[in-house]
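Below is input-v1.txt, holding compact mmCIF, N, CA and C atoms.
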```txt
# COMPACT_ATOMS: atom_id res chain seq x y z
N MET Y 220 0.82 -1.19 0.00
CA MET Y 220 0.00 0.00 0.00
C MET Y 220 0.86 1.25 0.00
N PHE Y 221 1.96 1.27 0.76
CA PHE Y 221 2.78 2.47 0.83
C PHE Y 221 3.54 2.72 -0.47
N ASP Y 222 3.86 1.66 -1.21
CA ASP Y 222 4.49 1.88 -2.51
C ASP Y 222 3.52 2.56 -3.46
N GLN Y 223 2.24 2.21 -3.34
CA GLN Y 223 1.19 2.85 -4.13
C GLN Y 223 1.06 4.33 -3.72
N LEU Y 224 1.14 4.60 -2.43
CA LEU Y 224 1.06 5.97 -1.93
C LEU Y 224 2.25 6.79 -2.41
N VAL Y 225 3.44 6.22 -2.37
CA VAL Y 225 4.65 6.92 -2.84
C VAL Y 225 4.49 7.27 -4.31
N SER Y 226 4.02 6.34 -5.11
CA SER Y 226 3.82 6.59 -6.54
C SER Y 226 2.82 7.73 -6.75
N LEU Y 227 1.75 7.71 -6.01
CA LEU Y 227 0.74 8.75 -6.12
C LEU Y 227 1.30 10.10 -5.69
N LEU Y 228 2.08 10.13 -4.63
CA LEU Y 228 2.69 11.38 -4.17
C LEU Y 228 3.68 11.91 -5.20
N GLN Y 229 4.39 11.03 -5.88
CA GLN Y 229 5.30 11.47 -6.93
C GLN Y 229 4.53 12.14 -8.06
N ARG Y 230 3.37 11.59 -8.39
CA ARG Y 230 2.52 12.21 -9.42
C ARG Y 230 1.97 13.55 -8.93
N GLN Y 231 1.70 13.65 -7.62
CA GLN Y 231 1.25 14.93 -7.07
C GLN Y 231 2.34 15.99 -7.18
N VAL Y 232 3.58 15.60 -6.94
CA VAL Y 232 4.70 16.55 -7.09
C VAL Y 232 4.72 17.07 -8.53
N ALA Y 233 4.63 16.16 -9.50
CA ALA Y 233 4.63 16.57 -10.91
C ALA Y 233 3.45 17.48 -11.22
N ALA Y 234 2.30 17.18 -10.64
CA ALA Y 234 1.11 18.02 -10.87
C ALA Y 234 1.29 19.40 -10.24
N LEU Y 235 1.88 19.46 -9.06
CA LEU Y 235 2.16 20.76 -8.44
C LEU Y 235 3.14 21.56 -9.29
N GLU Y 236 4.14 20.89 -9.83
CA GLU Y 236 5.09 21.58 -10.70
C GLU Y 236 4.41 22.11 -11.95
N ALA Y 237 3.42 21.38 -12.47
CA ALA Y 237 2.66 21.86 -13.63
C ALA Y 237 1.83 23.09 -13.25
N VAL Y 238 1.22 23.07 -12.07
CA VAL Y 238 0.46 24.24 -11.60
C VAL Y 238 1.39 25.44 -11.46
N GLU Y 239 2.56 25.22 -10.88
CA GLU Y 239 3.52 26.30 -10.73
C GLU Y 239 3.91 26.88 -12.09
N SER Y 240 4.15 26.01 -13.05
CA SER Y 240 4.51 26.45 -14.40
C SER Y 240 3.39 27.28 -15.03
N ARG Y 241 2.16 26.83 -14.86
CA ARG Y 241 1.01 27.57 -15.42
C ARG Y 241 0.85 28.92 -14.72
N LEU Y 242 1.09 28.96 -13.42
CA LEU Y 242 1.03 30.23 -12.70
C LEU Y 242 2.11 31.19 -13.19
N ARG Y 243 3.29 30.67 -13.44
CA ARG Y 243 4.39 31.50 -13.94
C ARG Y 243 4.05 32.05 -15.32
N ALA Y 244 3.47 31.21 -16.19
CA ALA Y 244 3.07 31.67 -17.52
C ALA Y 244 2.02 32.77 -17.41
N LEU Y 245 1.07 32.58 -16.51
CA LEU Y 245 0.04 33.60 -16.30
C LEU Y 245 0.66 34.90 -15.82
N GLU Y 246 1.56 34.78 -14.86
CA GLU Y 246 2.25 35.97 -14.33
C GLU Y 246 2.96 36.73 -15.46
N LEU Y 247 3.67 36.01 -16.31
CA LEU Y 247 4.40 36.65 -17.40
C LEU Y 247 3.46 37.31 -18.40
N MET Y 248 2.35 36.65 -18.70
CA MET Y 248 1.38 37.24 -19.62
C MET Y 248 0.76 38.50 -19.06
N LEU Y 249 0.46 38.48 -17.77
CA LEU Y 249 -0.10 39.67 -17.13
C LEU Y 249 0.93 40.80 -17.10
N ALA Y 250 2.16 40.47 -16.79
CA ALA Y 250 3.22 41.49 -16.73
C ALA Y 250 3.46 42.10 -18.11
N ALA Y 251 3.33 41.30 -19.16
CA ALA Y 251 3.53 41.78 -20.52
C ALA Y 251 2.26 42.39 -21.10
N ASP Y 252 1.20 42.43 -20.31
CA ASP Y 252 -0.10 42.96 -20.73
C ASP Y 252 -0.62 42.25 -21.99
N GLU Y 253 -0.44 40.94 -22.02
CA GLU Y 253 -0.92 40.10 -23.13
C GLU Y 253 -2.28 39.53 -22.78
N GLN Y 254 -3.26 40.40 -22.67
CA GLN Y 254 -4.60 40.01 -22.24
C GLN Y 254 -5.24 38.97 -23.14
N ARG Y 255 -4.88 38.96 -24.40
CA ARG Y 255 -5.52 38.03 -25.33
C ARG Y 255 -5.19 36.57 -25.02
N PHE Y 256 -4.09 36.35 -24.29
CA PHE Y 256 -3.68 34.99 -23.96
C PHE Y 256 -4.03 34.59 -22.53
N VAL Y 257 -4.54 35.53 -21.76
CA VAL Y 257 -4.79 35.26 -20.34
C VAL Y 257 -5.85 34.18 -20.15
N SER Y 258 -6.91 34.21 -20.95
CA SER Y 258 -7.96 33.20 -20.74
C SER Y 258 -7.44 31.80 -21.07
N LEU Y 259 -6.57 31.68 -22.07
CA LEU Y 259 -5.96 30.39 -22.38
C LEU Y 259 -5.07 29.94 -21.22
N ALA Y 260 -4.29 30.87 -20.67
CA ALA Y 260 -3.43 30.55 -19.53
C ALA Y 260 -4.27 30.12 -18.33
N MET Y 261 -5.39 30.78 -18.12
CA MET Y 261 -6.27 30.40 -17.00
C MET Y 261 -6.87 29.02 -17.22
N ALA Y 262 -7.25 28.72 -18.46
CA ALA Y 262 -7.82 27.40 -18.75
C ALA Y 262 -6.78 26.31 -18.48
N GLU Y 263 -5.53 26.56 -18.89
CA GLU Y 263 -4.47 25.58 -18.63
C GLU Y 263 -4.20 25.44 -17.14
N LEU Y 264 -4.26 26.54 -16.41
CA LEU Y 264 -4.08 26.50 -14.96
C LEU Y 264 -5.20 25.71 -14.30
N GLU Y 265 -6.42 25.92 -14.75
CA GLU Y 265 -7.55 25.17 -14.19
C GLU Y 265 -7.43 23.68 -14.47
N GLN Y 266 -6.99 23.32 -15.67
CA GLN Y 266 -6.79 21.90 -15.99
C GLN Y 266 -5.74 21.28 -15.09
N ALA Y 267 -4.63 21.99 -14.90
CA ALA Y 267 -3.57 21.48 -14.03
C ALA Y 267 -4.06 21.35 -12.60
N SER Y 268 -4.87 22.30 -12.15
CA SER Y 268 -5.42 22.25 -10.79
C SER Y 268 -6.40 21.10 -10.63
N GLU Y 269 -7.18 20.84 -11.66
CA GLU Y 269 -8.13 19.72 -11.62
C GLU Y 269 -7.39 18.39 -11.54
N ARG Y 270 -6.29 18.27 -12.26
CA ARG Y 270 -5.48 17.04 -12.18
C ARG Y 270 -4.94 16.87 -10.77
N LEU Y 271 -4.48 17.96 -10.19
CA LEU Y 271 -3.97 17.92 -8.82
C LEU Y 271 -5.08 17.50 -7.85
N ALA Y 272 -6.28 18.02 -8.04
CA ALA Y 272 -7.40 17.66 -7.19
C ALA Y 272 -7.73 16.17 -7.31
N ALA Y 273 -7.68 15.65 -8.52
CA ALA Y 273 -7.95 14.23 -8.73
C ALA Y 273 -6.92 13.37 -8.02
N LEU Y 274 -5.66 13.80 -8.07
CA LEU Y 274 -4.61 13.05 -7.37
C LEU Y 274 -4.80 13.13 -5.85
N GLU Y 275 -5.25 14.26 -5.36
CA GLU Y 275 -5.52 14.39 -3.93
C GLU Y 275 -6.64 13.44 -3.52
N LEU Y 276 -7.64 13.32 -4.35
CA LEU Y 276 -8.72 12.37 -4.09
C LEU Y 276 -8.17 10.95 -4.09
N GLY Y 277 -7.29 10.64 -5.03
CA GLY Y 277 -6.66 9.32 -5.09
C GLY Y 277 -5.88 9.03 -3.82
N ARG Y 278 -5.17 10.03 -3.33
CA ARG Y 278 -4.41 9.85 -2.09
C ARG Y 278 -5.36 9.54 -0.92
N ALA Y 279 -6.46 10.27 -0.85
CA ALA Y 279 -7.44 10.02 0.22
C ALA Y 279 -8.01 8.61 0.11
N LEU Y 280 -8.27 8.16 -1.09
CA LEU Y 280 -8.83 6.82 -1.29
C LEU Y 280 -7.83 5.74 -0.87
N VAL Y 281 -6.56 5.93 -1.22
CA VAL Y 281 -5.53 4.95 -0.84
C VAL Y 281 -5.42 4.88 0.68
N LEU Y 282 -5.39 6.03 1.33
CA LEU Y 282 -5.28 6.05 2.79
C LEU Y 282 -6.51 5.44 3.45
N SER Y 283 -7.67 5.78 2.93
CA SER Y 283 -8.92 5.25 3.49
C SER Y 283 -8.99 3.73 3.33
N ALA Y 284 -8.60 3.23 2.16
CA ALA Y 284 -8.62 1.79 1.91
C ALA Y 284 -7.68 1.05 2.85
N ALA Y 285 -6.63 1.74 3.28
CA ALA Y 285 -5.67 1.12 4.21
C ALA Y 285 -6.09 1.30 5.67
N GLY Y 286 -7.25 1.94 5.87
CA GLY Y 286 -7.74 2.15 7.23
C GLY Y 286 -7.01 3.28 7.96
N LEU Y 287 -6.39 4.17 7.19
CA LEU Y 287 -5.65 5.29 7.80
C LEU Y 287 -6.46 6.58 7.67
N ASP Y 288 -6.19 7.50 8.57
CA ASP Y 288 -6.85 8.80 8.55
C ASP Y 288 -6.41 9.56 7.29
N ILE Y 289 -7.38 10.02 6.50
CA ILE Y 289 -7.02 10.70 5.25
C ILE Y 289 -6.37 12.06 5.50
N ASP Y 290 -6.51 12.58 6.70
CA ASP Y 290 -5.90 13.87 7.05
C ASP Y 290 -4.65 13.69 7.91
N ALA Y 291 -4.16 12.48 8.01
CA ALA Y 291 -2.99 12.22 8.85
C ALA Y 291 -1.78 12.99 8.31
N PRO Y 292 -1.04 13.64 9.21
CA PRO Y 292 0.16 14.35 8.76
C PRO Y 292 1.22 13.36 8.27
N ALA Y 293 2.10 13.86 7.43
CA ALA Y 293 3.14 13.02 6.83
C ALA Y 293 4.00 12.33 7.89
N ARG Y 294 4.28 13.03 9.00
CA ARG Y 294 5.11 12.42 10.05
C ARG Y 294 4.45 11.15 10.62
N GLU Y 295 3.15 11.23 10.80
CA GLU Y 295 2.42 10.06 11.31
C GLU Y 295 2.45 8.91 10.31
N LEU Y 296 2.28 9.23 9.04
CA LEU Y 296 2.32 8.20 8.01
C LEU Y 296 3.72 7.61 7.89
N GLU Y 297 4.72 8.46 7.98
CA GLU Y 297 6.10 8.00 7.84
C GLU Y 297 6.46 6.99 8.92
N ALA Y 298 5.89 7.17 10.10
CA ALA Y 298 6.15 6.23 11.19
C ALA Y 298 5.57 4.85 10.90
N ARG Y 299 4.59 4.78 9.99
CA ARG Y 299 3.93 3.51 9.68
C ARG Y 299 4.39 2.90 8.36
N VAL Y 300 5.25 3.60 7.65
CA VAL Y 300 5.71 3.14 6.34
C VAL Y 300 6.58 1.91 6.49
N ASP Y 301 6.44 0.99 5.54
CA ASP Y 301 7.30 -0.20 5.50
C ASP Y 301 8.76 0.24 5.37
N ALA Y 302 9.66 -0.50 6.00
CA ALA Y 302 11.07 -0.15 6.02
C ALA Y 302 11.67 -0.02 4.62
N ASP Y 303 11.19 -0.82 3.67
CA ASP Y 303 11.78 -0.79 2.33
C ASP Y 303 11.41 0.46 1.53
N VAL Y 304 10.42 1.23 1.96
CA VAL Y 304 10.04 2.45 1.24
C VAL Y 304 10.20 3.72 2.08
N THR Y 305 10.75 3.61 3.28
CA THR Y 305 10.88 4.76 4.18
C THR Y 305 11.65 5.90 3.52
N GLY Y 306 12.80 5.60 2.93
CA GLY Y 306 13.61 6.64 2.30
C GLY Y 306 12.88 7.31 1.15
N MET Y 307 12.24 6.51 0.29
CA MET Y 307 11.49 7.08 -0.84
C MET Y 307 10.33 7.92 -0.35
N PHE Y 308 9.64 7.44 0.69
CA PHE Y 308 8.49 8.18 1.22
C PHE Y 308 8.95 9.53 1.76
N HIS Y 309 10.01 9.51 2.57
CA HIS Y 309 10.52 10.76 3.14
C HIS Y 309 10.92 11.74 2.03
N GLU Y 310 11.62 11.24 1.02
CA GLU Y 310 12.07 12.10 -0.08
C GLU Y 310 10.90 12.72 -0.84
N VAL Y 311 9.90 11.92 -1.15
CA VAL Y 311 8.77 12.45 -1.92
C VAL Y 311 7.95 13.43 -1.09
N VAL Y 312 7.83 13.20 0.21
CA VAL Y 312 7.11 14.15 1.07
C VAL Y 312 7.84 15.48 1.11
N GLU Y 313 9.16 15.46 1.18
CA GLU Y 313 9.94 16.70 1.17
C GLU Y 313 9.77 17.42 -0.17
N ARG Y 314 9.79 16.68 -1.27
CA ARG Y 314 9.58 17.28 -2.59
C ARG Y 314 8.18 17.87 -2.70
N LEU Y 315 7.20 17.19 -2.11
CA LEU Y 315 5.83 17.67 -2.12
C LEU Y 315 5.71 18.97 -1.33
N ARG Y 316 6.34 19.03 -0.17
CA ARG Y 316 6.31 20.27 0.62
C ARG Y 316 6.96 21.43 -0.13
N THR Y 317 8.10 21.17 -0.74
CA THR Y 317 8.81 22.20 -1.49
C THR Y 317 7.97 22.69 -2.67
N ALA Y 318 7.40 21.75 -3.42
CA ALA Y 318 6.59 22.12 -4.57
C ALA Y 318 5.35 22.91 -4.14
N SER Y 319 4.74 22.51 -3.03
CA SER Y 319 3.58 23.22 -2.53
C SER Y 319 3.94 24.65 -2.13
N GLN Y 320 5.07 24.81 -1.51
CA GLN Y 320 5.53 26.14 -1.12
C GLN Y 320 5.77 27.00 -2.37
N ARG Y 321 6.40 26.42 -3.39
CA ARG Y 321 6.66 27.17 -4.62
C ARG Y 321 5.36 27.58 -5.31
N VAL Y 322 4.35 26.70 -5.26
CA VAL Y 322 3.04 27.05 -5.85
C VAL Y 322 2.44 28.23 -5.10
N GLY Y 323 2.53 28.22 -3.78
CA GLY Y 323 2.02 29.35 -3.00
C GLY Y 323 2.72 30.65 -3.37
N GLU Y 324 4.03 30.60 -3.53
CA GLU Y 324 4.78 31.79 -3.92
C GLU Y 324 4.41 32.25 -5.33
N ALA Y 325 4.25 31.30 -6.25
CA ALA Y 325 3.87 31.64 -7.62
C ALA Y 325 2.47 32.24 -7.65
N ARG Y 326 1.57 31.71 -6.82
CA ARG Y 326 0.21 32.24 -6.75
C ARG Y 326 0.24 33.68 -6.27
N GLU Y 327 1.06 33.96 -5.26
CA GLU Y 327 1.16 35.33 -4.74
C GLU Y 327 1.68 36.29 -5.81
N ARG Y 328 2.66 35.84 -6.59
CA ARG Y 328 3.18 36.68 -7.66
C ARG Y 328 2.11 36.92 -8.73
N ALA Y 329 1.32 35.88 -9.04
CA ALA Y 329 0.25 36.03 -10.03
C ALA Y 329 -0.82 36.99 -9.50
N TYR Y 330 -1.16 36.89 -8.21
CA TYR Y 330 -2.10 37.84 -7.61
C TYR Y 330 -1.60 39.27 -7.79
N ALA Y 331 -0.32 39.47 -7.49
CA ALA Y 331 0.26 40.81 -7.57
C ALA Y 331 0.23 41.35 -9.00
N ALA Y 332 0.34 40.46 -9.97
CA ALA Y 332 0.37 40.89 -11.37
C ALA Y 332 -1.02 41.17 -11.95
N LEU Y 333 -2.05 40.72 -11.25
CA LEU Y 333 -3.41 40.92 -11.76
C LEU Y 333 -3.75 42.40 -11.83
N ALA Y 334 -4.37 42.79 -12.91
CA ALA Y 334 -4.85 44.16 -13.05
C ALA Y 334 -5.97 44.37 -12.03
N PRO Y 335 -6.12 45.59 -11.53
CA PRO Y 335 -7.16 45.85 -10.52
C PRO Y 335 -8.56 45.43 -10.94
N GLY Y 336 -8.89 45.52 -12.21
CA GLY Y 336 -10.24 45.18 -12.65
C GLY Y 336 -10.44 43.72 -13.00
N ALA Y 337 -9.46 42.87 -12.72
CA ALA Y 337 -9.53 41.47 -13.14
C ALA Y 337 -10.09 40.58 -12.03
N GLU Y 338 -11.23 40.93 -11.49
CA GLU Y 338 -11.81 40.17 -10.38
C GLU Y 338 -12.14 38.73 -10.78
N ASP Y 339 -12.59 38.52 -12.01
CA ASP Y 339 -12.89 37.16 -12.47
C ASP Y 339 -11.65 36.28 -12.41
N LEU Y 340 -10.54 36.80 -12.89
CA LEU Y 340 -9.29 36.03 -12.84
C LEU Y 340 -8.88 35.77 -11.39
N ARG Y 341 -9.05 36.77 -10.56
CA ARG Y 341 -8.70 36.62 -9.15
C ARG Y 341 -9.52 35.49 -8.52
N GLN Y 342 -10.81 35.43 -8.80
CA GLN Y 342 -11.66 34.38 -8.24
C GLN Y 342 -11.26 33.01 -8.77
N ARG Y 343 -10.86 32.92 -10.02
CA ARG Y 343 -10.43 31.64 -10.59
C ARG Y 343 -9.12 31.19 -9.96
N LEU Y 344 -8.23 32.14 -9.66
CA LEU Y 344 -6.99 31.79 -8.96
C LEU Y 344 -7.28 31.30 -7.55
N ILE Y 345 -8.22 31.95 -6.87
CA ILE Y 345 -8.60 31.52 -5.53
C ILE Y 345 -9.10 30.09 -5.56
N ALA Y 346 -9.85 29.73 -6.60
CA ALA Y 346 -10.37 28.37 -6.72
C ALA Y 346 -9.24 27.35 -6.83
N THR Y 347 -8.11 27.71 -7.44
CA THR Y 347 -7.00 26.78 -7.56
C THR Y 347 -6.29 26.57 -6.23
N GLU Y 348 -6.46 27.51 -5.30
CA GLU Y 348 -5.77 27.44 -4.02
C GLU Y 348 -6.19 26.21 -3.22
N ALA Y 349 -7.43 25.80 -3.37
CA ALA Y 349 -7.93 24.66 -2.59
C ALA Y 349 -7.20 23.38 -2.92
N TYR Y 350 -6.61 23.29 -4.10
CA TYR Y 350 -5.98 22.04 -4.52
C TYR Y 350 -4.49 22.00 -4.24
N ALA Y 351 -3.92 23.09 -3.77
CA ALA Y 351 -2.46 23.14 -3.65
C ALA Y 351 -1.95 22.86 -2.26
N GLY Y 352 -2.80 22.62 -1.30
CA GLY Y 352 -2.35 22.36 0.06
C GLY Y 352 -1.83 20.94 0.23
N VAL Y 353 -0.95 20.80 1.18
CA VAL Y 353 -0.38 19.48 1.48
C VAL Y 353 -0.77 19.08 2.87
```

What do you get writing this file as structure tokens?
Amino acid sequence: MFDQLVSLLQRQVAALEAVESRLRALELMLAADEQRFVSLAMAELEQASERLAALELGRALVLSAAGLDIDAPARELEARVDADVTGMFHEVVERLRTASQRVGEARERAYAALAPGAEDLRQRLIATEAYAGV
């Protein structure tokens, strides 16, 4: 079960990196005042966020199927990990934390780049925030 969880967490890291990349693209488009591409950038960001949400659901299902608390902190899970995957689990959790932090920073930069009248974009960015927590 923990090897399955490690694999899923690795995919979550990749999904977070995709969200970060989409946020960076949005930030650059806003900074360059390329409004014609902003809706495409937002659609790509939403797709990346939806993939991340699906992986989060998968993680909850794996933990639930194993009889574990779906909200258990990583430290608690690490204490229960099989010895043969402890190192991989610890590494992927650290990568997940780092990627999550970078997404938060990228989101803040994208917020700052938003034009004052872009409330719709701001609300769509807020919606992506729910999927980026670890």

If we count all atoms listed in the file, what is near stretch 294-298 of chain Y at a cut-off of 8 Å, once residues fewer than 4 positions away on the same chain are taken out, given as a PDB file with N, CA and C atoms, keeping the file's coordinate frame?
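Saved as around.pdb:
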```pdb
ATOM      1  N   THR Y 305      10.750   3.610   3.280  1.00  0.00           N
ATOM      2  CA  THR Y 305      10.880   4.760   4.180  1.00  0.00           C
ATOM      3  C   THR Y 305      11.650   5.900   3.520  1.00  0.00           C
ATOM      4  N   PHE Y 308       9.640   7.440   0.690  1.00  0.00           N
ATOM      5  CA  PHE Y 308       8.490   8.180   1.220  1.00  0.00           C
ATOM      6  C   PHE Y 308       8.950   9.530   1.760  1.00  0.00           C
ATOM      7  N   HIS Y 309      10.010   9.510   2.570  1.00  0.00           N
ATOM      8  CA  HIS Y 309      10.520  10.760   3.140  1.00  0.00           C
ATOM      9  C   HIS Y 309      10.920  11.740   2.030  1.00  0.00           C
TER      10      HIS Y 309
END
```

Which polymer residues have any atom within 7 Å of an atom of Y:Thr347, counting all atoms listed in the file, with same-chain residues fewer than 5 positions away left out, as a list in words?
Glu265, Ser268 and Gln342 of chain Y

Point out the residue among Y:Ile289, Y:Leu280, Y:Leu228, Y:Ala267 with the least atom-to-atom distance to Y:Arg241, counting all atoms listed in the file.
Y:Ala267

note - atom C of Y:Leu282 and atom N of Y:Glu348 are separated by 23.7 Å

As a PyMOL selection string, please: all residues of chain Y that backbone DSSP puts in helix (DSSP H, G or I).
chain Y and resi 221-250+254-284+293-299+302-332+338-348

Between Y:Leu271, Y:Met307, Y:Leu264, Y:Leu224, which is the closest to Y:Ser240 once you count all atoms listed in the file?
Y:Leu264

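Coordinates place atom C of Y:Arg328 at a distance of 6.5 Å from atom N of Y:Glu246.
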
Neighbours of Y:Leu227 within 8 Å (all atoms listed in the file; same-chain residues fewer than 4 positions away dropped), as a PyMOL selection string?
chain Y and resi 221-223+231-233+274-275+277-278

Output of the above residues as a tab-separated table (two decimals), keeping the file's coordinate frame, restricted to N, CA and C atoms:
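This went into out26.tsv:
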```tsv
chain	number	residue	atom	x	y	z
Y	221	PHE	N	1.96	1.27	0.76
Y	221	PHE	CA	2.78	2.47	0.83
Y	221	PHE	C	3.54	2.72	-0.47
Y	222	ASP	N	3.86	1.66	-1.21
Y	222	ASP	CA	4.49	1.88	-2.51
Y	222	ASP	C	3.52	2.56	-3.46
Y	223	GLN	N	2.24	2.21	-3.34
Y	223	GLN	CA	1.19	2.85	-4.13
Y	223	GLN	C	1.06	4.33	-3.72
Y	231	GLN	N	1.70	13.65	-7.62
Y	231	GLN	CA	1.25	14.93	-7.07
Y	231	GLN	C	2.34	15.99	-7.18
Y	232	VAL	N	3.58	15.60	-6.94
Y	232	VAL	CA	4.70	16.55	-7.09
Y	232	VAL	C	4.72	17.07	-8.53
Y	233	ALA	N	4.63	16.16	-9.50
Y	233	ALA	CA	4.63	16.57	-10.91
Y	233	ALA	C	3.45	17.48	-11.22
Y	274	LEU	N	-5.66	13.80	-8.07
Y	274	LEU	CA	-4.61	13.05	-7.37
Y	274	LEU	C	-4.80	13.13	-5.85
Y	275	GLU	N	-5.25	14.26	-5.36
Y	275	GLU	CA	-5.52	14.39	-3.93
Y	275	GLU	C	-6.64	13.44	-3.52
Y	277	GLY	N	-7.29	10.64	-5.03
Y	277	GLY	CA	-6.66	9.32	-5.09
Y	277	GLY	C	-5.88	9.03	-3.82
Y	278	ARG	N	-5.17	10.03	-3.33
Y	278	ARG	CA	-4.41	9.85	-2.09
Y	278	ARG	C	-5.36	9.54	-0.92
```

Can you pull out the residues contacting Y:Val322? Cut-off 7 Å, using all atoms listed in the file, and skip same-chain residues under 5 positions away; I want them as a PDB file with N, CA and C atoms, in the coordinates of the input.
```pdb
ATOM      1  N   LEU Y 235       1.880  19.460  -9.060  1.00  0.00           N
ATOM      2  CA  LEU Y 235       2.160  20.760  -8.440  1.00  0.00           C
ATOM      3  C   LEU Y 235       3.140  21.560  -9.290  1.00  0.00           C
ATOM      4  N   VAL Y 238       1.220  23.070 -12.070  1.00  0.00           N
ATOM      5  CA  VAL Y 238       0.460  24.240 -11.600  1.00  0.00           C
ATOM      6  C   VAL Y 238       1.390  25.440 -11.460  1.00  0.00           C
ATOM      7  N   GLU Y 239       2.560  25.220 -10.880  1.00  0.00           N
ATOM      8  CA  GLU Y 239       3.520  26.300 -10.730  1.00  0.00           C
ATOM      9  C   GLU Y 239       3.910  26.880 -12.090  1.00  0.00           C
ATOM     10  N   THR Y 317       8.100  21.170  -0.740  1.00  0.00           N
ATOM     11  CA  THR Y 317       8.810  22.200  -1.490  1.00  0.00           C
ATOM     12  C   THR Y 317       7.970  22.690  -2.670  1.00  0.00           C
ATOM     13  N   GLU Y 327       1.060  33.960  -5.260  1.00  0.00           N
ATOM     14  CA  GLU Y 327       1.160  35.330  -4.740  1.00  0.00           C
ATOM     15  C   GLU Y 327       1.680  36.290  -5.810  1.00  0.00           C
TER      16      GLU Y 327
END
```

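Of the residues under consideration (Y:Leu344, Y:Leu315, Y:Ala262, Y:Leu333), Y:Leu333 shows the shortest atom-to-atom contact distance to Y:Leu249 when counting only C-alpha atoms.
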
Can you work out the spacing between atom N of Y:Gln229 and atom CA of Y:Arg314 in Å, to one decimal?
8.8 Å
